[in-house]
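Novice: The structure is given below, and queries will be raised subsequently.
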Amino acid sequence: MSVLYLEGYTEFMRNLPIGIFDSGLGGLTVMRELAEALPDENIVYLGDTARCPYGPRELGEVRRFVLEIGAWLTKHPVKLMVIACNTATAAGLGLAQRVFDIPVIGVIEPGARAAVRSTVNRSVGVIGTVGTIESGAYSRAVRVLDAGVTVFSVATPKFVDVVEADLRMGPGALEEWLAESAEVFIRPAFHDMARGYLEPLKRSGIDTLVLGCTHFPLLEAAIQQVVGKHVRLISSAEETAREVAETLQSRDQLALPDENSGIRHFATTGDPVEFARIGSRVLRQRISSVDKVDLSELTGLPSARLMAALEDESAEEATCG
Ligand code: DGL
């Protein structure tokens, strides 16, 4: 390969956006960190709101969504993909890394790394959706980093419902609203539910709790109240942003500042007006335009090669159990 060709390729890749997706709006908590860490990058975000939540679905189904959205993003094209959803990471990160010829980064390994770095007594709690927790992906990721750390996991699916319901109400910056609403309106109900989920983790003596769902950083104040201030809460967003920066740096593909840098592009399979209204509050930045992507557009995208890879993976999973 000639030097000129390589230089042209690097230049081409450098100017492409980063692609990022989630089952809905929760991934915007990751995008927020990404945009702050890498302000010159152009970013394309797809929120699959029409099929949210992913948490209670079969992992095989979520894996197919990962392929569809991955195919949509690579068609864009993008230079790197971030799966800003724990459930989708648990279901489809490995497959996406195998079938797409760009780096694909999930949120579980960065969250596990941050937790291992944070824990002193080597007892870590993880909360997430049923899909994420039942996959065992966090326990595996922590074990690879430090087999001496004990992981206590609890599925907290109702937390997603609380965020989704509260996202649709109240004015102003979202975390403040959620902290306030936890105090004033839903406090007894939320606290009973949160205590039910979190007391067993507290009793296990954890000193670190991973918010293993991209919706949960929005409930940080309320969760902290229940677990107490001696437990450190970990959101994988910051660590994920760092990994994206390091990956692009090592490939010499970090965007350079110019008049076309820092452009954000948003799309949703749900209602674009609602996505813009609520998304602006999660992102703490006005989202002025959102494209609508029809599900029929996504479902038709994976090629025969991608569908064959998906079937192979499901067959392997069925064999291995
Ligand atoms: N954002 C998803 C995650 O991180 C949770 C919401 C859902 O169930 O779709 O797992």
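As shown in the structure tokens, the chain order sets the letters A, B, ...; within each chain, residues go from 1, and ligands are also counted from 1 in the order they appear.
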Enumerate as a list in words the residues within 8 Å of ligand 1, counting only C-alpha atoms and all ligand atoms.

Specialist: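 So, counting only C-alpha atoms and all ligand atoms, the residues near ligand 1 are Asp22, Ser23, Gly24, Leu25, Gly26, Gly27, Arg51, Cys52, Pro53, Tyr54, Gly55, Pro56, Ala84, Cys85, Asn86, Thr87, Ala88, Gly128, Thr129, Gly131, Thr132, Pro157, Val160, Gly212, Cys213, Thr214 and His215 of chain A.
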
Novice: Could you turn the residues from that selection into a file that holds N, CA and C atoms, as a compact mmCIF listing (two decimals), in the first residue's frame?

Specialist:
# COMPACT_ATOMS: atom_id res chain seq x y z
N ASP A 22 -28.36 3.74 21.21
CA ASP A 22 -28.94 3.19 22.44
C ASP A 22 -30.38 2.79 22.11
N SER A 23 -31.02 2.10 23.05
CA SER A 23 -32.43 1.75 22.87
C SER A 23 -33.31 3.00 22.91
N GLY A 24 -32.77 4.11 23.33
CA GLY A 24 -33.59 5.33 23.40
C GLY A 24 -32.73 6.52 23.78
N LEU A 25 -33.09 7.12 24.93
CA LEU A 25 -32.44 8.39 25.31
C LEU A 25 -31.29 8.20 26.29
N GLY A 26 -31.24 7.03 26.98
CA GLY A 26 -30.22 6.82 28.02
C GLY A 26 -28.80 6.99 27.49
N GLY A 27 -28.57 6.60 26.25
CA GLY A 27 -27.22 6.69 25.66
C GLY A 27 -26.74 8.12 25.52
N ARG A 51 -38.42 0.74 19.89
CA ARG A 51 -38.29 -0.63 20.41
C ARG A 51 -37.77 -0.66 21.85
N CYS A 52 -37.71 0.52 22.49
CA CYS A 52 -37.30 0.60 23.90
C CYS A 52 -38.45 0.11 24.78
N PRO A 53 -38.24 -0.66 25.83
CA PRO A 53 -36.94 -1.06 26.38
C PRO A 53 -36.38 -2.33 25.76
N TYR A 54 -35.06 -2.41 25.74
CA TYR A 54 -34.36 -3.62 25.30
C TYR A 54 -34.25 -4.62 26.47
N GLY A 55 -34.22 -4.06 27.69
CA GLY A 55 -33.90 -4.85 28.89
C GLY A 55 -34.66 -6.17 29.05
N PRO A 56 -35.99 -6.18 28.85
CA PRO A 56 -36.72 -7.44 29.07
C PRO A 56 -36.70 -8.37 27.87
N ALA A 84 -23.95 2.45 23.19
CA ALA A 84 -24.15 3.17 24.46
C ALA A 84 -25.32 2.60 25.24
N CYS A 85 -25.43 1.29 25.25
CA CYS A 85 -26.52 0.60 25.94
C CYS A 85 -25.92 -0.69 26.50
N ASN A 86 -26.08 -0.89 27.80
CA ASN A 86 -25.50 -2.09 28.42
C ASN A 86 -26.12 -3.36 27.89
N THR A 87 -27.45 -3.34 27.73
CA THR A 87 -28.15 -4.55 27.27
C THR A 87 -27.66 -4.92 25.86
N ALA A 88 -27.56 -3.93 24.99
CA ALA A 88 -27.10 -4.18 23.61
C ALA A 88 -25.63 -4.58 23.60
N GLY A 128 -28.60 -3.28 36.78
CA GLY A 128 -28.84 -3.12 35.34
C GLY A 128 -30.18 -3.73 34.97
N THR A 129 -30.41 -3.84 33.67
CA THR A 129 -31.65 -4.46 33.20
C THR A 129 -31.56 -5.98 33.39
N GLY A 131 -31.78 -8.19 31.08
CA GLY A 131 -30.92 -8.72 30.02
C GLY A 131 -29.44 -8.61 30.39
N THR A 132 -29.05 -7.44 30.88
CA THR A 132 -27.63 -7.22 31.22
C THR A 132 -27.20 -8.11 32.38
N PRO A 157 -35.13 -3.51 36.94
CA PRO A 157 -35.85 -3.04 35.74
C PRO A 157 -36.76 -1.85 35.99
N VAL A 160 -35.65 1.73 35.14
CA VAL A 160 -35.81 2.21 33.76
C VAL A 160 -37.20 2.86 33.62
N GLY A 212 -25.15 0.01 35.84
CA GLY A 212 -24.95 -0.75 34.60
C GLY A 212 -26.08 -0.61 33.60
N CYS A 213 -26.59 0.58 33.48
CA CYS A 213 -27.63 0.89 32.49
C CYS A 213 -27.47 2.37 32.21
N THR A 214 -27.50 2.74 30.94
CA THR A 214 -27.21 4.14 30.62
C THR A 214 -28.33 5.10 31.05
N HIS A 215 -29.47 4.55 31.48
CA HIS A 215 -30.52 5.40 32.04
C HIS A 215 -30.19 5.81 33.49

Novice: What lies within 8 Å of Ile69 (chain A) using only C-alpha atoms, ignoring chain neighbours under 5 positions off, as a VMD selection string?

Specialist: chain A and resid 21 46 298

Novice: Please dump the current selection as an mmCIF file, in the first residue's frame; keep all heavy atoms.

Specialist:
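Now in out_15.cif:
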data_model
loop_
_atom_site.group_PDB
_atom_site.id
_atom_site.type_symbol
_atom_site.label_atom_id
_atom_site.label_comp_id
_atom_site.auth_asym_id
_atom_site.auth_seq_id
_atom_site.Cartn_x
_atom_site.Cartn_y
_atom_site.Cartn_z
ATOM 1 N N PHE A 21 -25.241 4.583 19.517
ATOM 2 C CA PHE A 21 -26.669 4.278 19.612
ATOM 3 C C PHE A 21 -27.055 3.666 20.953
ATOM 4 O O PHE A 21 -26.222 3.164 21.689
ATOM 5 C CB PHE A 21 -27.132 3.364 18.461
ATOM 6 C CG PHE A 21 -26.679 1.930 18.565
ATOM 7 C CD1 PHE A 21 -27.484 0.981 19.196
ATOM 8 C CD2 PHE A 21 -25.485 1.518 18.024
ATOM 9 C CE1 PHE A 21 -27.098 -0.348 19.279
ATOM 10 C CE2 PHE A 21 -25.079 0.199 18.103
ATOM 11 C CZ PHE A 21 -25.882 -0.740 18.736
ATOM 12 N N LEU A 46 -28.207 7.466 17.120
ATOM 13 C CA LEU A 46 -29.518 6.884 16.837
ATOM 14 C C LEU A 46 -30.123 6.326 18.122
ATOM 15 O O LEU A 46 -29.511 5.490 18.800
ATOM 16 C CB LEU A 46 -29.418 5.760 15.799
ATOM 17 C CG LEU A 46 -30.773 5.071 15.535
ATOM 18 C CD1 LEU A 46 -31.682 5.922 14.654
ATOM 19 C CD2 LEU A 46 -30.612 3.709 14.903
ATOM 20 N N LEU A 298 -34.527 -0.103 8.916
ATOM 21 C CA LEU A 298 -33.489 -0.803 9.687
ATOM 22 C C LEU A 298 -33.538 -2.319 9.468
ATOM 23 O O LEU A 298 -32.503 -2.957 9.266
ATOM 24 C CB LEU A 298 -33.670 -0.528 11.185
ATOM 25 C CG LEU A 298 -33.319 0.853 11.714
ATOM 26 C CD1 LEU A 298 -33.497 0.871 13.218
ATOM 27 C CD2 LEU A 298 -31.880 1.217 11.359
#

Novice: Using only C-alpha atoms, determine which residues lie at most 12 Å from Ala35 (chain A), disregarding the query and same-chain residues fewer than 2 positions distant; provide the list as a PyMOL selection string.

Specialist: chain A and resi 17-18+20+28-33+37-45+237-238+240-242+244-245+261-264+283-285

Novice: Write the residues you've just listed into a file as a short mmCIF file (atom, residue, chain, number, x, y, z; two decimals), in the first residue's frame, and include N, CA, C and O atoms for each of them.

Specialist:
data_model
loop_
_atom_site.label_atom_id
_atom_site.label_comp_id
_atom_site.auth_asym_id
_atom_site.auth_seq_id
_atom_site.Cartn_x
_atom_site.Cartn_y
_atom_site.Cartn_z
N PRO A 17 -17.76 10.91 11.03
CA PRO A 17 -18.29 11.01 12.40
C PRO A 17 -18.11 9.72 13.20
O PRO A 17 -17.83 8.67 12.63
N ILE A 18 -18.32 9.84 14.51
CA ILE A 18 -18.44 8.68 15.41
C ILE A 18 -19.93 8.32 15.43
O ILE A 18 -20.78 9.21 15.49
N ILE A 20 -23.08 6.42 17.39
CA ILE A 20 -23.40 5.98 18.75
C ILE A 20 -24.89 5.65 18.80
O ILE A 20 -25.70 6.31 18.16
N LEU A 28 -27.68 9.08 25.65
CA LEU A 28 -27.25 10.49 25.58
C LEU A 28 -26.38 10.85 26.77
O LEU A 28 -25.61 11.81 26.71
N THR A 29 -26.48 10.07 27.88
CA THR A 29 -25.58 10.32 29.02
C THR A 29 -24.14 9.98 28.62
O THR A 29 -23.20 10.57 29.12
N VAL A 30 -23.99 9.01 27.71
CA VAL A 30 -22.65 8.66 27.21
C VAL A 30 -22.21 9.70 26.18
O VAL A 30 -21.06 10.17 26.18
N MET A 31 -23.14 10.09 25.33
CA MET A 31 -22.81 11.08 24.30
C MET A 31 -22.35 12.40 24.92
O MET A 31 -21.46 13.07 24.42
N ARG A 32 -23.00 12.76 26.04
CA ARG A 32 -22.65 13.99 26.76
C ARG A 32 -21.16 13.98 27.12
O ARG A 32 -20.45 14.95 26.90
N GLU A 33 -20.69 12.86 27.67
CA GLU A 33 -19.27 12.75 28.05
C GLU A 33 -18.37 12.75 26.81
O GLU A 33 -17.31 13.35 26.81
N ALA A 37 -15.45 15.33 26.00
CA ALA A 37 -14.04 14.89 25.87
C ALA A 37 -13.49 15.16 24.48
O ALA A 37 -12.31 15.45 24.32
N LEU A 38 -14.35 15.05 23.45
CA LEU A 38 -13.89 15.18 22.07
C LEU A 38 -14.75 16.20 21.32
O LEU A 38 -15.54 15.83 20.43
N PRO A 39 -14.63 17.48 21.67
CA PRO A 39 -15.55 18.48 21.11
C PRO A 39 -15.44 18.65 19.59
O PRO A 39 -16.38 19.13 18.96
N ASP A 40 -14.31 18.25 19.01
CA ASP A 40 -14.15 18.44 17.56
C ASP A 40 -14.74 17.31 16.72
O ASP A 40 -14.81 17.40 15.50
N GLU A 41 -15.12 16.23 17.41
CA GLU A 41 -15.67 15.10 16.65
C GLU A 41 -17.10 15.38 16.19
O GLU A 41 -17.90 15.94 16.94
N ASN A 42 -17.41 14.94 14.98
CA ASN A 42 -18.80 14.92 14.54
C ASN A 42 -19.41 13.62 15.07
O ASN A 42 -18.73 12.59 15.09
N ILE A 43 -20.65 13.70 15.50
CA ILE A 43 -21.28 12.51 16.12
C ILE A 43 -22.67 12.28 15.50
O ILE A 43 -23.46 13.22 15.34
N VAL A 44 -22.94 11.02 15.17
CA VAL A 44 -24.30 10.62 14.73
C VAL A 44 -24.88 9.74 15.82
O VAL A 44 -24.26 8.75 16.21
N TYR A 45 -26.05 10.10 16.34
CA TYR A 45 -26.69 9.33 17.42
C TYR A 45 -28.02 8.77 16.93
O TYR A 45 -28.85 9.51 16.39
N ALA A 237 -19.85 6.12 31.45
CA ALA A 237 -19.79 7.11 30.36
C ALA A 237 -18.39 7.73 30.19
O ALA A 237 -17.85 7.77 29.09
N GLU A 238 -17.81 8.17 31.33
CA GLU A 238 -16.53 8.86 31.25
C GLU A 238 -15.43 7.93 30.73
O GLU A 238 -14.62 8.30 29.87
N THR A 240 -15.82 5.25 28.97
CA THR A 240 -16.09 4.92 27.57
C THR A 240 -15.54 6.03 26.67
O THR A 240 -14.90 5.75 25.64
N ALA A 241 -15.78 7.27 27.06
CA ALA A 241 -15.28 8.41 26.27
C ALA A 241 -13.76 8.35 26.17
O ALA A 241 -13.17 8.60 25.11
N ARG A 242 -13.12 7.97 27.29
CA ARG A 242 -11.65 7.88 27.29
C ARG A 242 -11.19 6.79 26.32
O ARG A 242 -10.25 6.96 25.57
N VAL A 244 -12.75 5.69 23.68
CA VAL A 244 -12.96 6.16 22.30
C VAL A 244 -11.79 7.06 21.90
O VAL A 244 -11.21 6.91 20.81
N ALA A 245 -11.44 7.99 22.78
CA ALA A 245 -10.34 8.93 22.47
C ALA A 245 -9.04 8.17 22.22
O ALA A 245 -8.32 8.44 21.25
N SER A 261 -16.29 20.93 12.16
CA SER A 261 -16.16 19.98 13.26
C SER A 261 -17.20 20.24 14.35
O SER A 261 -17.80 21.31 14.42
N GLY A 262 -17.42 19.20 15.17
CA GLY A 262 -18.37 19.32 16.30
C GLY A 262 -19.83 19.30 15.87
O GLY A 262 -20.70 19.76 16.62
N ILE A 263 -20.12 18.73 14.68
CA ILE A 263 -21.53 18.67 14.24
C ILE A 263 -22.21 17.46 14.86
O ILE A 263 -21.65 16.36 14.89
N ARG A 264 -23.42 17.66 15.38
CA ARG A 264 -24.18 16.56 15.99
C ARG A 264 -25.40 16.27 15.12
O ARG A 264 -26.11 17.19 14.71
N LEU A 283 -29.16 15.77 27.44
CA LEU A 283 -27.86 16.20 26.89
C LEU A 283 -27.40 17.54 27.47
O LEU A 283 -26.24 17.90 27.39
N ARG A 284 -28.33 18.28 28.07
CA ARG A 284 -28.13 19.65 28.57
C ARG A 284 -27.65 20.56 27.43
O ARG A 284 -26.77 21.40 27.60
N GLN A 285 -28.24 20.32 26.27
CA GLN A 285 -27.89 21.10 25.09
C GLN A 285 -29.08 21.01 24.15
O GLN A 285 -29.67 19.93 24.03
#

Novice: Report the residues of region 56-235 of chain A whose backbone DSSP state falls under alpha helix (DSSP H), written as an MDAnalysis selection string.

Specialist: chainID A and resid 59:75 86:99 108:118 130:135 137:145 157:167 174:184 187:203 220:227

Novice: Step one, run DSSP on the backbone; step two, keep only residues of region 35-77 of chain A assigned to strand (DSSP E); then write them as a VMD selection string.

Specialist: chain A and resid 43 to 47

Novice: Counting only C-alpha atoms, which residue out of A:Val78, A:Val124, A:Val163, A:Val226 sits closest to Phe12 (chain A)?

Specialist: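 Closest to Phe12 (chain A) of all the choices is A:Val78.
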
Novice: For Gly106 (chain A), which residue out of A:Thr319, A:Phe65, A:Thr119, A:Ser236 is the nearest one, using only C-alpha atoms?

Specialist: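 Residue with the minimum atom-to-atom distance to Gly106 (chain A): A:Ser236.
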